[in-house]
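Undergrad: Here's a structure for you.
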Amino acid sequence: MRRAIACVLAAACVCNAQQPEPSVDPAELRERLAQAYRTGTIAERVRLEHPRPGSDARTAEVVFAYRAGDQPALALHLGALRVVAESGRLVAWRADAPQTVFVTPLDRPLNGSSIAAALPPLVLPQIELALGRRDDLPRPIPMLGRVRWTAPMDDESPVGRMLLARDGSGTLRLEMREDTDRLRSFELTRQTGVVVRGLVDPIEPEAGLFTPPDVSTARVVSTLGELGERAQSLAPGRRFGGGVVVDARGRTTSLASMAAGANERVVFLFFAPRDRDDRDAWTAGVAEAGINGIARALDVDVVLVGVGDRDLPRLLERVTRPPRGHEDRVRACALSGEPEWLNPAWIDRGVAIAVHRHSWMVRAVVPLGDAAPPPGPLALSAAPATRAELIAEAIGRATRR
């Protein structure tokens with residue numbers, strides 16, 4: 001009896017030992033992923049995160065849409081920039097200025113390589129999945145060279161749902177959805193860490209998503225960069241933008257709410273610290289500038305807007321707190337990402353924007369450092385030098401214009 005039991009156990013062990021480990025063919029998995037993007041009409045919202053050492057990640061939302069069939073078309077919403085690519089041409093314009101367009105020819109049939117040549121590098125693997133070479137997808141994104149595809153089998157990777165594309169400089173990780181085989185997320189990493197990650201959600205395609213403005217009646221610019229520069233200039237007389245912000249107490253609110261109850265004149269000071277040291281320098285500059293005293297003297301309310309750093313409002317509120325018995329004319333908040341309607345170069349250096357609170361119209365735009373020095377021999381010696389002086393001068397000039 002014991003011998004029979006031992007034989008049964010031994011046979012079971014042999015059977016278990018001979019069972020093959022689960023394996024996934026990366027080529028088959030990649031083909032399933034690509035095929036999921038080449039059928040029907042697809043629309044996805046992608047939240048991109050760019051980690052920054054010592055600071056909050058910068059975020060942006062884009063929309064990817066593709067229509068397969070006899071008349072394929074690709075549509076992208078890149079912030080305020082709109083792009084539609086069809087067989088033979090690509091049209092780009094800004095949502096707030098559809099009367100001005102950029103047009104460039106594309107190869108026929110519509111393919112990922114021609115789109116990559118027409119646009120700046122985009123970390124959107126969906127473009128190549130929908131329009132790239134079906135045999136091997138050698139470059140899923142422009143930031144990588146020719147890649148080698150693998151399907152990881154470790155404990156942290158869902159079997160049959162994860163793909164890795166590697167070249168000598170980095171790795172693109174793609175995670176697939178169980179229900180549609182399309183992307184759930186992706187992440188590009190290099191030796192220094194995560195470069196960008198994307199969280200993908202399916203959405204319903206909007207009406208007119210693949211319909212560009214009428215090129216025959218629009219003003220056509222010669223470069224895509226010219227289109228961007230022209231639309232990113234916020235000028236006096238235009239309506240001020242909006243955005244969701246976090247105040248000094250960690251509450252989610254809006255730019256308009258930050259100005260609620262303020263004086264008729266409000267000055268918004270936008271700036272984006274590059275890292276922790278730059279954040280400390282901005283905080284020190286704000287403290288030294290004495291903004292509350294300036295605001296009371298000019299009878300204006302000031303809203304300090306730090307971009308990409310949730311800790312800034314609390315720090316700024318602390319260093320701008322007025323003496324006891326004096327009215328507080330300064331508020332502080334943080335935006336998670338750069339506003340689409342504001343020139344990024346202004347945010348990097350800092351910009352003061354005067355706004356009429358009731359009409360929400362821009363009265364003046366003064367980037368830091370653009371304050372004109374007085375004429376004559378005192379021009380050099382009297383020009384603002386420190387960050388505190390630049391901040392004070394920009395707020396003053398924005399108020400007085």
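Ligands are numbered from 1 in the order shown, residues from 1 within each chain, and chains are lettered A, B, ... in the order they appear in the structure tokens.
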I'd like the contact shell of stretch 244-258 of chain A - 10 Å cut-off, only C-alpha atoms, skipping same-chain residues fewer than 5 positions apart - returned as a list in words.

TA: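 My list of contacting residues is Phe268, Val302, Val303, Leu304, Val305, Gly306, Val307, Asp309, Arg310, Asp311, Leu312, Pro313, Arg314, Leu315, Leu316, Glu317, Arg318, Arg331, Ala332, Cys333, Ala334, Leu335, Ser336, Gly337, Pro339, Arg357 and Trp360 of chain A.
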
Undergrad: With a distance cut-off of 10 Å and only C-alpha atoms, select the neighbouring residues of A:Glu175, excluding the residue or stretch itself and same-chain residues fewer than 2 positions from it, and output the selection as a PyMOL selection string.

TA: chain A and resi 33+157-158+160-164+173+177-178+181-187+199-200

Undergrad: How would you write, as a PyMOL selection string, the set of residues in stretch 268-374 of chain A that DSSP gives as helix (DSSP H, G or I)?

TA: chain A and resi 276-289+291-298+312-320+344-349

Undergrad: Can you pull out the residues contacting A:Ala34? Cut-off 9 Å, using only C-alpha atoms, and skip same-chain residues under 5 positions away; I want them as a ChimeraX atom specification.

TA: /A:29,126,128-132,134,181-182

Undergrad: Can you write just those residues out, N, CA and C atoms, as a PDB file, in the first residue's frame?

TA:
```
ATOM      1  N   LEU A  29       1.521  39.016 -29.542  1.00  0.00           N
ATOM      2  CA  LEU A  29       0.921  40.020 -28.672  1.00  0.00           C
ATOM      3  C   LEU A  29       0.947  41.397 -29.323  1.00  0.00           C
ATOM      4  N   GLN A 126       0.278  55.084 -30.011  1.00  0.00           N
ATOM      5  CA  GLN A 126      -0.926  54.754 -30.779  1.00  0.00           C
ATOM      6  C   GLN A 126      -0.767  55.103 -32.252  1.00  0.00           C
ATOM      7  N   GLU A 128       1.892  54.923 -34.268  1.00  0.00           N
ATOM      8  CA  GLU A 128       2.595  53.867 -34.990  1.00  0.00           C
ATOM      9  C   GLU A 128       1.822  52.552 -34.936  1.00  0.00           C
ATOM     10  N   LEU A 129       1.124  52.293 -33.843  1.00  0.00           N
ATOM     11  CA  LEU A 129       0.312  51.075 -33.774  1.00  0.00           C
ATOM     12  C   LEU A 129      -0.777  51.083 -34.840  1.00  0.00           C
ATOM     13  N   ALA A 130      -1.374  52.245 -35.082  1.00  0.00           N
ATOM     14  CA  ALA A 130      -2.452  52.337 -36.067  1.00  0.00           C
ATOM     15  C   ALA A 130      -1.929  52.432 -37.490  1.00  0.00           C
ATOM     16  N   LEU A 131      -0.765  53.063 -37.673  1.00  0.00           N
ATOM     17  CA  LEU A 131      -0.331  53.399 -39.030  1.00  0.00           C
ATOM     18  C   LEU A 131       1.065  52.901 -39.399  1.00  0.00           C
ATOM     19  N   GLY A 132       1.758  52.223 -38.471  1.00  0.00           N
ATOM     20  CA  GLY A 132       3.119  51.777 -38.745  1.00  0.00           C
ATOM     21  C   GLY A 132       3.177  50.483 -39.528  1.00  0.00           C
ATOM     22  N   ARG A 134       3.286  46.701 -40.207  1.00  0.00           N
ATOM     23  CA  ARG A 134       2.634  45.645 -39.451  1.00  0.00           C
ATOM     24  C   ARG A 134       3.589  44.502 -39.128  1.00  0.00           C
ATOM     25  N   ASP A 181      -7.942  44.970 -25.949  1.00  0.00           N
ATOM     26  CA  ASP A 181      -6.551  44.768 -26.407  1.00  0.00           C
ATOM     27  C   ASP A 181      -5.856  46.084 -26.747  1.00  0.00           C
ATOM     28  N   ARG A 182      -6.491  47.221 -26.464  1.00  0.00           N
ATOM     29  CA  ARG A 182      -5.830  48.511 -26.690  1.00  0.00           C
ATOM     30  C   ARG A 182      -5.057  48.911 -25.440  1.00  0.00           C
TER      31      ARG A 182
END
```

Undergrad: In Å to one decimal, how far is atom CA of A:Phe240 from atom CA of A:Asp328?

TA: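 For atom CA of A:Asp328 relative to atom CA of A:Phe240, the distance reads 23.8 Å.
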